[in-house]
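File shown here: run27.txt, holding compact mmCIF, C-alpha atoms.
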```
# COMPACT_ATOMS: atom_id res chain seq x y z
CA MET U 129 6.32 13.60 11.81
CA GLN U 130 2.94 13.05 10.19
CA ASP U 131 2.17 9.47 9.15
CA ASP U 132 2.67 8.73 5.46
CA PHE U 133 0.21 5.83 5.42
CA TYR U 134 -3.40 4.97 6.13
CA PHE U 135 -5.55 1.84 6.51
CA THR U 136 -8.41 0.85 4.24
CA ILE U 137 -10.09 -2.35 3.02
CA GLN U 138 -9.02 -4.36 0.02
CA SER U 139 -12.39 -5.17 -1.54
CA PRO U 140 -16.18 -4.92 -1.06
CA LEU U 141 -17.78 -7.38 1.34
CA ARG U 142 -21.20 -8.21 2.70
CA ALA U 143 -21.54 -9.70 6.16
CA PRO U 144 -24.10 -12.42 6.91
CA ASP U 145 -27.53 -11.15 7.96
CA MET U 146 -27.86 -10.35 11.64
CA ARG U 147 -31.25 -10.64 13.36
CA VAL U 148 -32.27 -8.82 16.52
CA LYS U 149 -35.82 -9.30 17.83
CA GLY U 150 -37.10 -9.91 14.33
CA SER U 151 -35.29 -7.02 12.69
CA ARG U 152 -32.80 -7.96 9.99
CA PHE U 153 -29.54 -6.04 9.62
CA ILE U 154 -27.40 -6.41 6.48
CA ALA U 155 -23.96 -4.75 6.57
CA SER U 156 -22.14 -3.97 3.31
CA ILE U 157 -18.69 -2.38 3.19
CA PHE U 158 -16.92 -0.81 0.20
CA PRO U 159 -13.56 0.76 -0.59
CA VAL U 160 -14.33 4.23 -2.00
CA ALA U 161 -12.30 7.21 -3.19
CA ASN U 162 -14.87 9.96 -3.76
CA LYS U 163 -18.52 11.00 -3.36
CA ASN U 164 -19.52 9.61 -6.75
CA GLU U 165 -18.46 6.11 -5.72
CA ILE U 166 -20.27 6.54 -2.40
CA GLU U 167 -23.51 7.65 -4.05
CA HIS U 168 -23.33 4.83 -6.59
CA ALA U 169 -22.85 2.20 -3.85
CA VAL U 170 -25.69 3.55 -1.68
CA ASP U 171 -28.05 3.81 -4.67
CA SER U 172 -27.24 0.23 -5.68
CA LEU U 173 -28.09 -1.02 -2.20
CA ARG U 174 -31.34 0.94 -2.15
CA LYS U 175 -32.32 -0.82 -5.38
CA GLU U 176 -31.14 -4.25 -4.27
CA PHE U 177 -32.88 -4.02 -0.87
CA HIS U 178 -35.72 -1.79 -2.08
CA ASP U 179 -38.12 -3.05 0.57
CA ALA U 180 -35.75 -2.38 3.52
CA ARG U 181 -36.94 0.42 5.78
CA HIS U 182 -33.53 2.01 6.42
CA HIS U 183 -30.12 2.19 4.74
CA SER U 184 -28.01 3.88 7.41
CA PHE U 185 -24.39 4.52 6.56
CA ALA U 186 -21.12 6.21 7.39
CA TYR U 187 -17.96 6.93 5.48
CA ARG U 188 -14.46 8.34 5.92
CA VAL U 189 -12.58 9.48 2.82
CA GLY U 190 -9.09 10.89 2.23
CA ALA U 191 -5.67 9.96 3.52
CA ASP U 192 -6.34 12.26 6.48
CA ALA U 193 -10.02 11.16 6.71
CA LYS U 194 -11.23 14.76 6.48
CA LEU U 195 -14.35 13.86 4.49
CA ILE U 196 -16.68 12.23 7.04
CA ARG U 197 -20.42 11.65 7.21
CA ALA U 198 -22.84 9.58 9.26
CA ALA U 199 -26.48 9.18 8.12
CA ASP U 200 -29.30 7.66 10.19
CA ASP U 201 -31.70 7.44 7.20
CA GLY U 202 -34.84 7.82 9.28
CA GLU U 203 -33.70 6.05 12.42
CA PRO U 204 -33.73 8.11 15.67
CA ASN U 205 -30.94 10.67 15.68
CA GLY U 206 -27.57 9.17 16.53
CA THR U 207 -28.72 5.55 16.73
CA ALA U 208 -27.43 4.28 13.38
CA GLY U 209 -24.97 6.42 11.40
CA ARG U 210 -22.89 7.42 14.39
CA PRO U 211 -22.37 3.86 15.75
CA ILE U 212 -21.31 2.79 12.24
CA LEU U 213 -18.89 5.73 12.00
CA LEU U 214 -17.42 4.94 15.41
CA VAL U 215 -16.55 1.44 14.18
CA LEU U 216 -14.67 2.88 11.20
CA THR U 217 -12.95 5.45 13.40
CA SER U 218 -11.92 2.94 16.06
CA GLN U 219 -10.27 0.81 13.37
CA LYS U 220 -8.61 3.92 11.81
CA LEU U 221 -10.09 3.08 8.42
CA THR U 222 -10.49 5.60 5.64
CA ASN U 223 -11.61 5.53 1.99
CA VAL U 224 -14.34 3.24 3.28
CA LEU U 225 -18.15 3.28 3.10
CA LEU U 226 -20.16 1.06 5.44
CA VAL U 227 -23.93 0.69 4.92
CA VAL U 228 -26.30 -1.22 7.19
CA SER U 229 -29.69 -1.97 5.64
CA ARG U 230 -32.47 -2.78 8.10
CA TYR U 231 -35.72 -4.65 7.71
CA PHE U 232 -38.01 -3.81 10.63
CA GLY U 233 -39.20 -6.93 12.42
CA GLY U 234 -42.19 -5.47 14.27
CA THR U 235 -40.53 -5.03 17.66
CA LYS U 236 -38.98 -1.69 18.61
CA LEU U 237 -35.44 -2.01 19.90
CA GLY U 238 -35.18 1.33 21.70
CA THR U 239 -32.40 3.80 21.08
CA GLY U 240 -29.80 1.79 23.01
CA GLY U 241 -30.78 -1.44 21.33
CA LEU U 242 -30.67 0.16 17.89
CA ALA U 243 -27.24 1.65 18.45
CA ARG U 244 -25.85 -1.67 19.67
CA ALA U 245 -27.36 -3.56 16.74
CA TYR U 246 -25.97 -1.16 14.14
CA ALA U 247 -22.56 -1.16 15.80
CA GLU U 248 -22.49 -4.95 15.94
CA ALA U 249 -23.50 -5.31 12.30
CA ALA U 250 -20.86 -2.77 11.26
CA GLN U 251 -18.17 -4.44 13.37
CA GLN U 252 -18.97 -7.80 11.79
CA ALA U 253 -18.38 -6.38 8.29
CA VAL U 254 -15.08 -4.76 9.33
CA SER U 255 -13.88 -7.90 11.12
CA MET U 256 -14.48 -9.99 7.99
CA SER U 257 -12.69 -7.51 5.68
CA LYS U 258 -9.05 -7.68 4.64
CA ILE U 259 -7.47 -4.47 5.94
CA VAL U 260 -4.54 -3.10 3.95
CA LYS U 261 -1.91 -0.47 4.70
CA VAL U 262 -1.52 2.17 2.00
CA TYR U 263 1.69 4.20 1.84
CA LEU U 264 1.64 7.70 0.41
CA THR U 265 4.46 8.09 -2.07
CA THR U 266 6.37 10.76 -3.93
CA GLY U 267 7.97 10.33 -7.34
CA VAL U 268 11.59 11.37 -7.76
CA ASP U 269 13.14 11.86 -11.21
CA VAL U 270 16.88 11.30 -11.45
CA GLN U 271 19.32 11.71 -14.34
CA ILE U 272 22.52 9.71 -13.93
CA LEU U 273 25.53 8.42 -15.82
CA TYR U 274 25.62 4.75 -16.81
CA GLU U 275 28.55 4.04 -14.51
CA ASP U 276 26.57 5.40 -11.55
CA LEU U 277 23.56 3.17 -12.16
CA PRO U 278 24.60 0.18 -9.95
CA GLN U 279 25.27 2.47 -6.98
CA MET U 280 21.99 4.31 -7.55
CA GLU U 281 20.10 1.02 -7.61
CA ARG U 282 21.66 0.07 -4.27
CA LEU U 283 20.67 3.43 -2.83
CA ILE U 284 17.08 3.06 -4.05
CA HIS U 285 16.89 -0.39 -2.49
CA ALA U 286 18.27 0.95 0.82
CA PHE U 287 15.43 3.50 0.94
CA GLU U 288 12.79 0.88 0.03
CA GLY U 289 12.07 2.66 -3.26
CA HIS U 290 10.88 1.31 -6.59
CA ILE U 291 11.93 2.20 -10.13
CA GLU U 292 8.68 2.98 -11.97
CA GLU U 293 10.19 4.04 -15.31
CA SER U 294 13.62 4.03 -16.93
CA THR U 295 14.94 5.56 -20.15
CA TYR U 296 18.38 4.78 -21.56
CA LEU U 297 19.88 7.37 -23.93
CA ASP U 298 23.15 9.28 -23.51
CA SER U 299 22.47 8.98 -19.79
CA VAL U 300 19.90 7.11 -17.69
CA ALA U 301 16.63 8.74 -16.60
CA LEU U 302 14.75 7.06 -13.75
CA ARG U 303 11.38 7.75 -12.15
CA ILE U 304 11.56 6.43 -8.60
CA SER U 305 8.66 5.95 -6.17
CA LEU U 306 9.50 6.56 -2.50
CA ARG U 307 7.53 6.79 0.71
CA GLN U 308 6.93 10.45 1.52
CA SER U 309 8.72 10.16 4.85
CA MET U 310 11.92 9.03 3.12
CA VAL U 311 12.17 11.52 0.24
CA GLU U 312 14.16 14.22 2.02
CA GLN U 313 16.67 11.73 3.40
CA PHE U 314 17.00 10.12 -0.03
CA LEU U 315 17.73 13.45 -1.73
CA HIS U 316 20.43 14.21 0.86
CA ALA U 317 21.90 10.75 0.34
CA VAL U 318 21.99 11.28 -3.44
CA THR U 319 23.90 14.54 -2.96
CA ASP U 320 26.37 12.98 -0.50
CA THR U 321 26.88 9.83 -2.56
CA PHE U 322 27.30 11.31 -6.04
CA HIS U 323 28.77 14.72 -5.12
CA GLY U 324 26.46 16.68 -7.41
CA ARG U 325 26.78 14.39 -10.47
CA VAL U 326 23.12 13.36 -10.21
CA ASN U 327 20.15 15.65 -10.71
CA ALA U 328 17.18 14.59 -8.55
CA VAL U 329 13.75 16.28 -8.53
CA ALA U 330 10.78 15.25 -6.36
CA HIS U 331 7.22 15.19 -7.72
CA SER U 332 3.84 14.06 -6.41
CA GLY U 333 3.24 10.33 -6.27
CA ASN U 334 0.51 7.73 -5.89
CA PRO U 335 -0.52 5.57 -2.94
CA ILE U 336 0.89 2.05 -2.86
CA LEU U 337 -0.57 -0.94 -1.03
CA GLN U 338 1.15 -3.24 1.36
```
Kindly transcribe the structure held in the file into structure tokens.
Amino acid sequence: MQDDFYFTIQSPLRAPDMRVKGSRFIASIFPVANKNEIEHAVDSLRKEFHDARHHSFAYRVGADAKLIRAADDGEPNGTAGRPILLVLTSQKLTNVLLVVSRYFGGTKLGTGGLARAYAEAAQQAVSMSKIVKVYLTTGVDVQILYEDLPQMERLIHAFEGHIEESTYLDSVALRISLRQSMVEQFLHAVTDTFHGRVNAVAHSGNPILQ
């Protein structure tokens, strides 16, 4: 079964400056959801550190991390963006942008030295970040009789669901949020428990943090 969760970071963070043979590396990490947020964050760093020679970055976006990019920003090919991306990949992070701004210190580090420095700066930012687990959810609408409500609430609790909305008229209408991996089992349980008295329909949901 495909995972119904992913890992990301809770909030933006900037790691302390790292210096290697005079060069200064500043790693900044951001939670992002789309290209517009990525472009805004990179542009802001270019303005803030306008005199830095390079702003190399990498990002992974989407629950399945299908949107990926690594940019060297003028550094030798593969010495900056890729080491940053490998840090994100090794930690299985997505919806994350990591930028390392570099001030050249006058001494060339060589391709190996550059790659190690960028990877170390990126790792420092990730290590300092609060990593959160995000569950992918599906909304389920149910229509039930008032007398069935206590049993339905117990069933929702058993499947680790949450009641997002409730409407009380002639009957009770609930919008329930469930982890995607539990929806099918929940619908079967509703049928078995209420013997067709309850109408349940699954819809798309929103990610929830844990």
Find the residues near region 172-179 of chain U: any atom within 9 Å, counting only C-alpha atoms, skip ones fewer than 2 places away on the same chain, and give them as a PyMOL selection string.
-> chain U and resi 156+167-170+181-183+227+229+231
Determine the nearest neighbour of Asp269 (chain U) from the options U:Val311, U:Ala186, U:Ala191, U:Val224, counting only C-alpha atoms.
->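 Of U:Val311, U:Ala186, U:Ala191, U:Val224, the one nearest Asp269 (chain U), counting only C-alpha atoms, is U:Val311.
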Fewer than 2 positions away in the same chain doesn't count, so skip those; otherwise give me all residues within 6 Å of Val268 (chain U), counting all atoms listed in the file, as JSON, numbers by chain.
-> {"U": [303, 304, 329, 330, 331]}
Atomic separation - CA of Leu302 (chain U) relative to CA of Leu283 (chain U), Å =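 Separating CA of Leu283 (chain U) from CA of Leu302 (chain U) is a distance of 12.9 Å.
Considering all atoms listed in the file, the residue among U:Ile259, U:Leu315, U:Ile196, U:Leu216 positioned nearest to Ala328 (chain U) is U:Leu315.
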Which is closer to Leu277 (chain U) than all the others in U:Phe322, U:Tyr246, U:Tyr134, U:Tyr263, using only C-alpha atoms?
-> U:Phe322
